[in-house]
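Notes to accompany the following structure.
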Amino acid sequence: MLAYTYVEHGKFELRDKPRPVLRDARDAIVRVTLASICTSDLHIKHGSVPRAVPGITVGHEMVGIVDEVGEAVTAVRPGDRVTVNVETFCGDCFFCRNGWVNNCTDPEGGWALGCRIDGGQAEYVRVPYADQGLNRIPDGVTDRQALFVGDVLATGYWAARIAEIHPGDTVLILGAGPTGLCTLQCVQLLQPGRIIVCDRDPGRLAFVRAHAPQVLAVPPEGLPEVVRANSRHGGADAVLEVAGSPDTFRLAWECARPNAVVTVVALYDEPQTLPLPRMYGKNLTFKTGGVDGCHCGEILDLIAAGRLDTTPLITHTFPLREIDRAYDLFEHHRDGVLKVAIECGNADATK
Ligand SMILES: [Zn+2]
Ligand SMILES: [Zn+2]
């Protein structure tokens, strides 16, 4: 089968590999129908994920059809359409039982797919702990609707959930990339009074205005003043930092009102500074990522009910054979790209 492979620092390549097989009674093999590319894939390509193993198949955002299950798998059966969770988790350790699946203590736990074990930019993928890692896609929900459930949409949902947002609040979201836009949709479910989205890119701001006209979409210049003018208590009641630069980290706490919750979803390249003397008396609460991606079933129900729709984020579609072109476009932000869908089914009729 075809599998997009991390060859060495700076190099991915579409290779022919054997189809994965079950290795554990809790595994499932999924025939991938649609996959996507995530910024984390680029981090692997450029060597900033040291635990990524050369030779592995990359990709951790995908949907597909269950092909085979181990004998201990009970939640899904062959033929089921499923989303695949970016995180592998046992469901049974202290952290999993508390819903903190990102910190699952299993040696295979955490972000393994497409990083430490073969992922899903391929025709088939082996999913460990399939009862936890797979969710059935409801009838009537398409692959394109479900594509981001296991990663960027799970992240947005988790972020909105922990941000302690109340009806009527002013919520500031920093960053309108794919994760920021997913976060925006999930924040909207909580019915805050005012949502402000900040991004440097005029194209992304235009996207927000087109798809969420009631949201205030603004550039970073003068942001603290804009936030103060649009909030009741001198700043945002909740801030979600989804951009990941030193500037956005600073804006996150500057724009927060006293006693606000600042949820840091972004992944930074460098350590950030908390200037505690300047913040003294603001009494902020910081919450930090990564995602506890264990609400995929709820997210799928919201999609089925028409309350979440991330299909507008899919700006481009390529077949698996042309995945190099898709990466080139995604990596260089060409042609207004937000997310790319990779069609993996029937990539090679001969297998
Ligand atoms: Zn990702
Ligand atoms: Zn666990």
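Identifiers in the structure tokens: chain A, B, ... in order shown; residue index from 1 per chain; ligand index from 1 in order shown.
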
Output the neighbourhood of ligand 1 as a VMD selection string, that is, all protein and nucleic acid residues with some atom at most 9 Å from the ligand, counting only C-alpha atoms and all ligand atoms. chain A and resid 36 to 41 59 to 61 86 150 to 152

Can you write just those residues out, all heavy atoms, as a PDB file, in the first residue's frame?
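Full text of part.pdb as output:
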ATOM      1  N   SER A  36      -5.789  14.206   6.583  1.00  0.00           N
ATOM      2  CA  SER A  36      -5.446  15.616   6.438  1.00  0.00           C
ATOM      3  C   SER A  36      -3.999  15.824   6.870  1.00  0.00           C
ATOM      4  O   SER A  36      -3.344  14.908   7.356  1.00  0.00           O
ATOM      5  CB  SER A  36      -6.395  16.491   7.257  1.00  0.00           C
ATOM      6  OG  SER A  36      -6.143  17.854   6.958  1.00  0.00           O
ATOM      7  N   ILE A  37      -3.523  17.036   6.635  1.00  0.00           N
ATOM      8  CA  ILE A  37      -2.161  17.409   7.027  1.00  0.00           C
ATOM      9  C   ILE A  37      -2.274  18.421   8.153  1.00  0.00           C
ATOM     10  O   ILE A  37      -3.091  19.336   8.092  1.00  0.00           O
ATOM     11  CB  ILE A  37      -1.385  18.033   5.847  1.00  0.00           C
ATOM     12  CG1 ILE A  37      -1.374  17.086   4.650  1.00  0.00           C
ATOM     13  CG2 ILE A  37       0.031  18.400   6.265  1.00  0.00           C
ATOM     14  CD1 ILE A  37      -0.751  17.702   3.391  1.00  0.00           C
ATOM     15  N   CYS A  38      -1.442  18.234   9.185  1.00  0.00           N
ATOM     16  CA  CYS A  38      -1.474  19.103  10.357  1.00  0.00           C
ATOM     17  C   CYS A  38      -0.104  19.782  10.467  1.00  0.00           C
ATOM     18  O   CYS A  38       0.907  19.245  10.020  1.00  0.00           O
ATOM     19  CB  CYS A  38      -1.752  18.242  11.579  1.00  0.00           C
ATOM     20  SG  CYS A  38      -1.696  19.108  13.133  1.00  0.00           S
ATOM     21  N   THR A  39      -0.091  20.937  11.110  1.00  0.00           N
ATOM     22  CA  THR A  39       1.184  21.633  11.308  1.00  0.00           C
ATOM     23  C   THR A  39       2.177  20.745  12.051  1.00  0.00           C
ATOM     24  O   THR A  39       3.384  20.840  11.829  1.00  0.00           O
ATOM     25  CB  THR A  39       0.937  22.933  12.092  1.00  0.00           C
ATOM     26  OG1 THR A  39      -0.127  23.623  11.429  1.00  0.00           O
ATOM     27  CG2 THR A  39       2.159  23.826  12.093  1.00  0.00           C
ATOM     28  N   SER A  40       1.686  19.863  12.929  1.00  0.00           N
ATOM     29  CA  SER A  40       2.587  18.953  13.648  1.00  0.00           C
ATOM     30  C   SER A  40       3.349  18.040  12.688  1.00  0.00           C
ATOM     31  O   SER A  40       4.469  17.625  12.978  1.00  0.00           O
ATOM     32  CB  SER A  40       1.821  18.083  14.638  1.00  0.00           C
ATOM     33  OG  SER A  40       0.922  18.855  15.372  1.00  0.00           O
ATOM     34  N   ASP A  41       2.738  17.706  11.545  1.00  0.00           N
ATOM     35  CA  ASP A  41       3.455  16.899  10.548  1.00  0.00           C
ATOM     36  C   ASP A  41       4.679  17.668  10.043  1.00  0.00           C
ATOM     37  O   ASP A  41       5.742  17.086   9.826  1.00  0.00           O
ATOM     38  CB  ASP A  41       2.539  16.560   9.369  1.00  0.00           C
ATOM     39  CG  ASP A  41       1.351  15.701   9.765  1.00  0.00           C
ATOM     40  OD1 ASP A  41       1.535  14.789  10.587  1.00  0.00           O
ATOM     41  OD2 ASP A  41       0.243  15.935   9.253  1.00  0.00           O
ATOM     42  N   GLY A  59       1.005  11.258   9.633  1.00  0.00           N
ATOM     43  CA  GLY A  59      -0.427  11.529   9.537  1.00  0.00           C
ATOM     44  C   GLY A  59      -1.177  11.079  10.775  1.00  0.00           C
ATOM     45  O   GLY A  59      -1.063   9.924  11.192  1.00  0.00           O
ATOM     46  N   HIS A  60      -1.907  12.013  11.396  1.00  0.00           N
ATOM     47  CA  HIS A  60      -2.667  11.647  12.598  1.00  0.00           C
ATOM     48  C   HIS A  60      -4.067  12.251  12.590  1.00  0.00           C
ATOM     49  O   HIS A  60      -4.720  12.316  13.614  1.00  0.00           O
ATOM     50  CB  HIS A  60      -1.889  12.089  13.849  1.00  0.00           C
ATOM     51  CG  HIS A  60      -1.558  13.546  13.836  1.00  0.00           C
ATOM     52  ND1 HIS A  60      -0.383  14.032  13.328  1.00  0.00           N
ATOM     53  CD2 HIS A  60      -2.259  14.616  14.238  1.00  0.00           C
ATOM     54  CE1 HIS A  60      -0.371  15.354  13.424  1.00  0.00           C
ATOM     55  NE2 HIS A  60      -1.511  15.733  13.973  1.00  0.00           N
ATOM     56  N   GLU A  61      -4.492  12.733  11.423  1.00  0.00           N
ATOM     57  CA  GLU A  61      -5.873  13.214  11.274  1.00  0.00           C
ATOM     58  C   GLU A  61      -6.492  12.412  10.143  1.00  0.00           C
ATOM     59  O   GLU A  61      -6.098  12.578   8.990  1.00  0.00           O
ATOM     60  CB  GLU A  61      -5.894  14.686  10.840  1.00  0.00           C
ATOM     61  CG  GLU A  61      -5.631  15.686  11.914  1.00  0.00           C
ATOM     62  CD  GLU A  61      -5.754  17.110  11.404  1.00  0.00           C
ATOM     63  OE1 GLU A  61      -5.376  17.397  10.256  1.00  0.00           O
ATOM     64  OE2 GLU A  61      -6.233  17.952  12.159  1.00  0.00           O
ATOM     65  N   VAL A  86      -6.204  11.313  17.509  1.00  0.00           N
ATOM     66  CA  VAL A  86      -4.760  11.577  17.446  1.00  0.00           C
ATOM     67  C   VAL A  86      -4.037  10.937  18.625  1.00  0.00           C
ATOM     68  O   VAL A  86      -2.890  10.505  18.502  1.00  0.00           O
ATOM     69  CB  VAL A  86      -4.473  13.098  17.403  1.00  0.00           C
ATOM     70  CG1 VAL A  86      -5.096  13.823  18.590  1.00  0.00           C
ATOM     71  CG2 VAL A  86      -2.975  13.393  17.380  1.00  0.00           C
ATOM     72  N   GLY A 150     -10.824  14.054  15.322  1.00  0.00           N
ATOM     73  CA  GLY A 150      -9.827  13.423  16.189  1.00  0.00           C
ATOM     74  C   GLY A 150      -8.652  14.300  16.562  1.00  0.00           C
ATOM     75  O   GLY A 150      -7.857  13.935  17.422  1.00  0.00           O
ATOM     76  N   ASP A 151      -8.510  15.477  15.935  1.00  0.00           N
ATOM     77  CA  ASP A 151      -7.326  16.289  16.235  1.00  0.00           C
ATOM     78  C   ASP A 151      -7.662  17.775  16.413  1.00  0.00           C
ATOM     79  O   ASP A 151      -7.893  18.223  17.529  1.00  0.00           O
ATOM     80  CB  ASP A 151      -6.243  16.072  15.165  1.00  0.00           C
ATOM     81  CG  ASP A 151      -4.924  16.724  15.527  1.00  0.00           C
ATOM     82  OD1 ASP A 151      -4.658  16.925  16.720  1.00  0.00           O
ATOM     83  OD2 ASP A 151      -4.151  17.041  14.605  1.00  0.00           O
ATOM     84  N   VAL A 152      -7.727  18.554  15.328  1.00  0.00           N
ATOM     85  CA  VAL A 152      -7.917  20.003  15.538  1.00  0.00           C
ATOM     86  C   VAL A 152      -9.269  20.342  16.151  1.00  0.00           C
ATOM     87  O   VAL A 152      -9.366  21.244  16.982  1.00  0.00           O
ATOM     88  CB  VAL A 152      -7.712  20.868  14.265  1.00  0.00           C
ATOM     89  CG1 VAL A 152      -6.257  21.163  14.021  1.00  0.00           C
ATOM     90  CG2 VAL A 152      -8.375  20.308  13.057  1.00  0.00           C
TER      91      VAL A 152
END

Taking a cut-off of 8 Å and counting only C-alpha atoms and all ligand atoms, can you build a table that, for each residue of chain A near ligand 2, reports the nearest atom pair and how far apart they are in Å (one decimal), sorted by chain then residue number, as CSV?
residue,atom,partner,partner_atom_place_in_ligand_line,distance
A:Phe89,CA,ligand 2,1 (Zn),4.8
A:Cys90,CA,ligand 2,1 (Zn),4.0
A:Gly91,CA,ligand 2,1 (Zn),4.8
A:Asp92,CA,ligand 2,1 (Zn),5.1
A:Cys93,CA,ligand 2,1 (Zn),4.1
A:Phe94,CA,ligand 2,1 (Zn),6.7
A:Phe95,CA,ligand 2,1 (Zn),5.9
A:Cys96,CA,ligand 2,1 (Zn),4.3
A:Arg97,CA,ligand 2,1 (Zn),7.3
A:Val101,CA,ligand 2,1 (Zn),6.1
A:Asn103,CA,ligand 2,1 (Zn),7.2
A:Cys104,CA,ligand 2,1 (Zn),3.6
A:Thr105,CA,ligand 2,1 (Zn),5.3
A:Asp106,CA,ligand 2,1 (Zn),5.6
A:Gly109,CA,ligand 2,1 (Zn),6.7

From the DSSP assignment of the backbone, select every residue of region 84-199 of chain A that is helix (DSSP H, G or I), and format the answer as a PyMOL selection string. chain A and resi 94-97+101-103+130-133+143-146+152-162+178-188

Include N, CA, C and O atoms and write out the residues we just selected as a CSV table (one decimal), in the first residue's frame.
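New file out_2.csv:
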chain,number,residue,atom,x,y,z
A,94,PHE,N,-4.8,6.1,36.0
A,94,PHE,CA,-5.3,7.3,36.8
A,94,PHE,C,-5.7,8.5,35.9
A,94,PHE,O,-6.8,9.0,36.0
A,95,PHE,N,-4.8,8.8,35.0
A,95,PHE,CA,-5.1,10.0,34.1
A,95,PHE,C,-6.3,9.8,33.2
A,95,PHE,O,-7.1,10.6,33.0
A,96,CYS,N,-6.3,8.6,32.6
A,96,CYS,CA,-7.4,8.3,31.7
A,96,CYS,C,-8.8,8.3,32.4
A,96,CYS,O,-9.8,8.9,31.9
A,97,ARG,N,-8.8,7.8,33.6
A,97,ARG,CA,-10.0,7.7,34.4
A,97,ARG,C,-10.5,9.1,34.8
A,97,ARG,O,-11.7,9.3,35.0
A,101,VAL,N,-6.5,12.2,29.2
A,101,VAL,CA,-6.0,11.1,28.4
A,101,VAL,C,-4.6,11.5,27.7
A,101,VAL,O,-3.9,10.6,27.4
A,102,ASN,N,-4.4,12.8,27.6
A,102,ASN,CA,-3.1,13.3,27.1
A,102,ASN,C,-1.9,12.8,27.9
A,102,ASN,O,-0.8,12.7,27.4
A,103,ASN,N,-2.2,12.5,29.2
A,103,ASN,CA,-1.2,12.0,30.1
A,103,ASN,C,-1.3,10.6,30.4
A,103,ASN,O,-0.7,10.1,31.4
A,130,ALA,N,-8.2,0.3,20.2
A,130,ALA,CA,-9.3,0.8,19.2
A,130,ALA,C,-10.6,1.2,19.9
A,130,ALA,O,-11.3,2.1,19.5
A,131,ASP,N,-10.9,0.6,21.1
A,131,ASP,CA,-12.1,1.0,21.8
A,131,ASP,C,-12.0,2.4,22.2
A,131,ASP,O,-13.1,3.1,22.3
A,132,GLN,N,-10.8,2.9,22.5
A,132,GLN,CA,-10.7,4.3,22.9
A,132,GLN,C,-10.4,5.2,21.7
A,132,GLN,O,-10.9,6.4,21.7
A,133,GLY,N,-9.6,4.7,20.8
A,133,GLY,CA,-9.1,5.5,19.7
A,133,GLY,C,-10.0,5.7,18.5
A,133,GLY,O,-9.7,6.5,17.6
A,143,ASP,N,-17.5,12.0,5.5
A,143,ASP,CA,-16.1,11.9,5.9
A,143,ASP,C,-15.5,13.3,6.0
A,143,ASP,O,-14.7,13.6,6.9
A,144,ARG,N,-15.9,14.2,5.1
A,144,ARG,CA,-15.4,15.6,5.2
A,144,ARG,C,-15.9,16.3,6.4
A,144,ARG,O,-15.1,17.0,7.0
A,145,GLN,N,-17.1,16.0,6.9
A,145,GLN,CA,-17.6,16.6,8.1
A,145,GLN,C,-16.8,16.1,9.3
A,145,GLN,O,-16.7,16.8,10.3
A,146,ALA,N,-16.4,14.9,9.2
A,146,ALA,CA,-15.8,14.2,10.4
A,146,ALA,C,-14.3,14.3,10.4
A,146,ALA,O,-13.7,13.9,11.4
A,152,VAL,N,-7.7,18.6,15.3
A,152,VAL,CA,-7.9,20.0,15.5
A,152,VAL,C,-9.3,20.3,16.2
A,152,VAL,O,-9.4,21.2,17.0
A,153,LEU,N,-10.3,19.6,15.8
A,153,LEU,CA,-11.6,19.9,16.3
A,153,LEU,C,-11.7,19.4,17.8
A,153,LEU,O,-12.2,20.1,18.7
A,154,ALA,N,-11.1,18.3,18.1
A,154,ALA,CA,-11.0,17.8,19.5
A,154,ALA,C,-10.2,18.8,20.3
A,154,ALA,O,-10.6,19.1,21.5
A,155,THR,N,-9.2,19.5,19.7
A,155,THR,CA,-8.5,20.5,20.5
A,155,THR,C,-9.3,21.7,20.8
A,155,THR,O,-9.3,22.2,21.9
A,156,GLY,N,-10.0,22.2,19.7
A,156,GLY,CA,-10.9,23.3,19.9
A,156,GLY,C,-12.0,23.1,21.0
A,156,GLY,O,-12.3,23.9,21.8
A,157,TYR,N,-12.5,21.8,20.9
A,157,TYR,CA,-13.6,21.5,21.9
A,157,TYR,C,-13.1,21.4,23.3
A,157,TYR,O,-13.7,21.9,24.2
A,158,TRP,N,-11.9,20.8,23.4
A,158,TRP,CA,-11.3,20.7,24.8
A,158,TRP,C,-11.0,22.1,25.3
A,158,TRP,O,-11.2,22.4,26.5
A,159,ALA,N,-10.4,22.9,24.4
A,159,ALA,CA,-10.0,24.3,24.9
A,159,ALA,C,-11.3,25.1,25.4
A,159,ALA,O,-11.3,25.7,26.4
A,160,ALA,N,-12.4,25.0,24.6
A,160,ALA,CA,-13.6,25.7,25.0
A,160,ALA,C,-14.1,25.2,26.3
A,160,ALA,O,-14.6,25.9,27.1
A,161,ARG,N,-14.0,23.9,26.4
A,161,ARG,CA,-14.6,23.2,27.6
A,161,ARG,C,-13.9,23.6,28.9
A,161,ARG,O,-14.5,23.8,29.9
A,162,ILE,N,-12.5,23.8,28.8
A,162,ILE,CA,-11.8,24.1,30.1
A,162,ILE,C,-11.6,25.6,30.3
A,162,ILE,O,-11.1,26.0,31.3
A,178,PRO,N,-6.4,26.9,11.5
A,178,PRO,CA,-7.4,25.8,11.6
A,178,PRO,C,-7.8,25.5,13.1
A,178,PRO,O,-9.0,25.4,13.3
A,179,THR,N,-6.8,25.5,14.0
A,179,THR,CA,-7.2,25.2,15.4
A,179,THR,C,-8.0,26.4,16.0
A,179,THR,O,-8.9,26.2,16.7
A,180,GLY,N,-7.6,27.6,15.7
A,180,GLY,CA,-8.3,28.8,16.2
A,180,GLY,C,-9.7,28.8,15.6
A,180,GLY,O,-10.7,29.1,16.4
A,181,LEU,N,-9.9,28.4,14.4
A,181,LEU,CA,-11.3,28.4,13.8
A,181,LEU,C,-12.1,27.3,14.4
A,181,LEU,O,-13.3,27.5,14.7
A,182,CYS,N,-11.5,26.1,14.7
A,182,CYS,CA,-12.3,25.1,15.4
A,182,CYS,C,-12.6,25.5,16.8
A,182,CYS,O,-13.7,25.3,17.3
A,183,THR,N,-11.7,26.2,17.5
A,183,THR,CA,-11.9,26.7,18.8
A,183,THR,C,-13.1,27.7,18.8
A,183,THR,O,-14.0,27.7,19.6
A,184,LEU,N,-13.1,28.5,17.8
A,184,LEU,CA,-14.2,29.5,17.6
A,184,LEU,C,-15.5,28.8,17.6
A,184,LEU,O,-16.5,29.2,18.3
A,185,GLN,N,-15.6,27.8,16.7
A,185,GLN,CA,-16.9,27.1,16.6
A,185,GLN,C,-17.4,26.5,17.9
A,185,GLN,O,-18.5,26.6,18.3
A,186,CYS,N,-16.4,26.0,18.7
A,186,CYS,CA,-16.8,25.3,19.9
A,186,CYS,C,-17.1,26.4,21.0
A,186,CYS,O,-18.0,26.1,21.9
A,187,VAL,N,-16.4,27.5,21.0
A,187,VAL,CA,-16.7,28.6,21.9
A,187,VAL,C,-18.1,29.1,21.6
A,187,VAL,O,-18.9,29.4,22.6
A,188,GLN,N,-18.5,29.2,20.4
A,188,GLN,CA,-19.8,29.7,20.0
A,188,GLN,C,-21.0,28.9,20.6
A,188,GLN,O,-22.0,29.4,21.0

Long-range neighbours of Arg15 (chain A) as a count of residues only, 7 Å cut-off, only C-alpha atoms, 4 positions minimum in chain: 4

Which of these, A:Lys287, A:Ala305, A:Val239, A:Ile173, has the shortest distance to Val208 (chain A) once you count only C-alpha atoms? A:Ile173

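For the set A:His316, A:His333, A:His233, A:Lys282, the residue with the smallest atom-to-atom gap to Arg204 (chain A) is A:His333, counting only C-alpha atoms.
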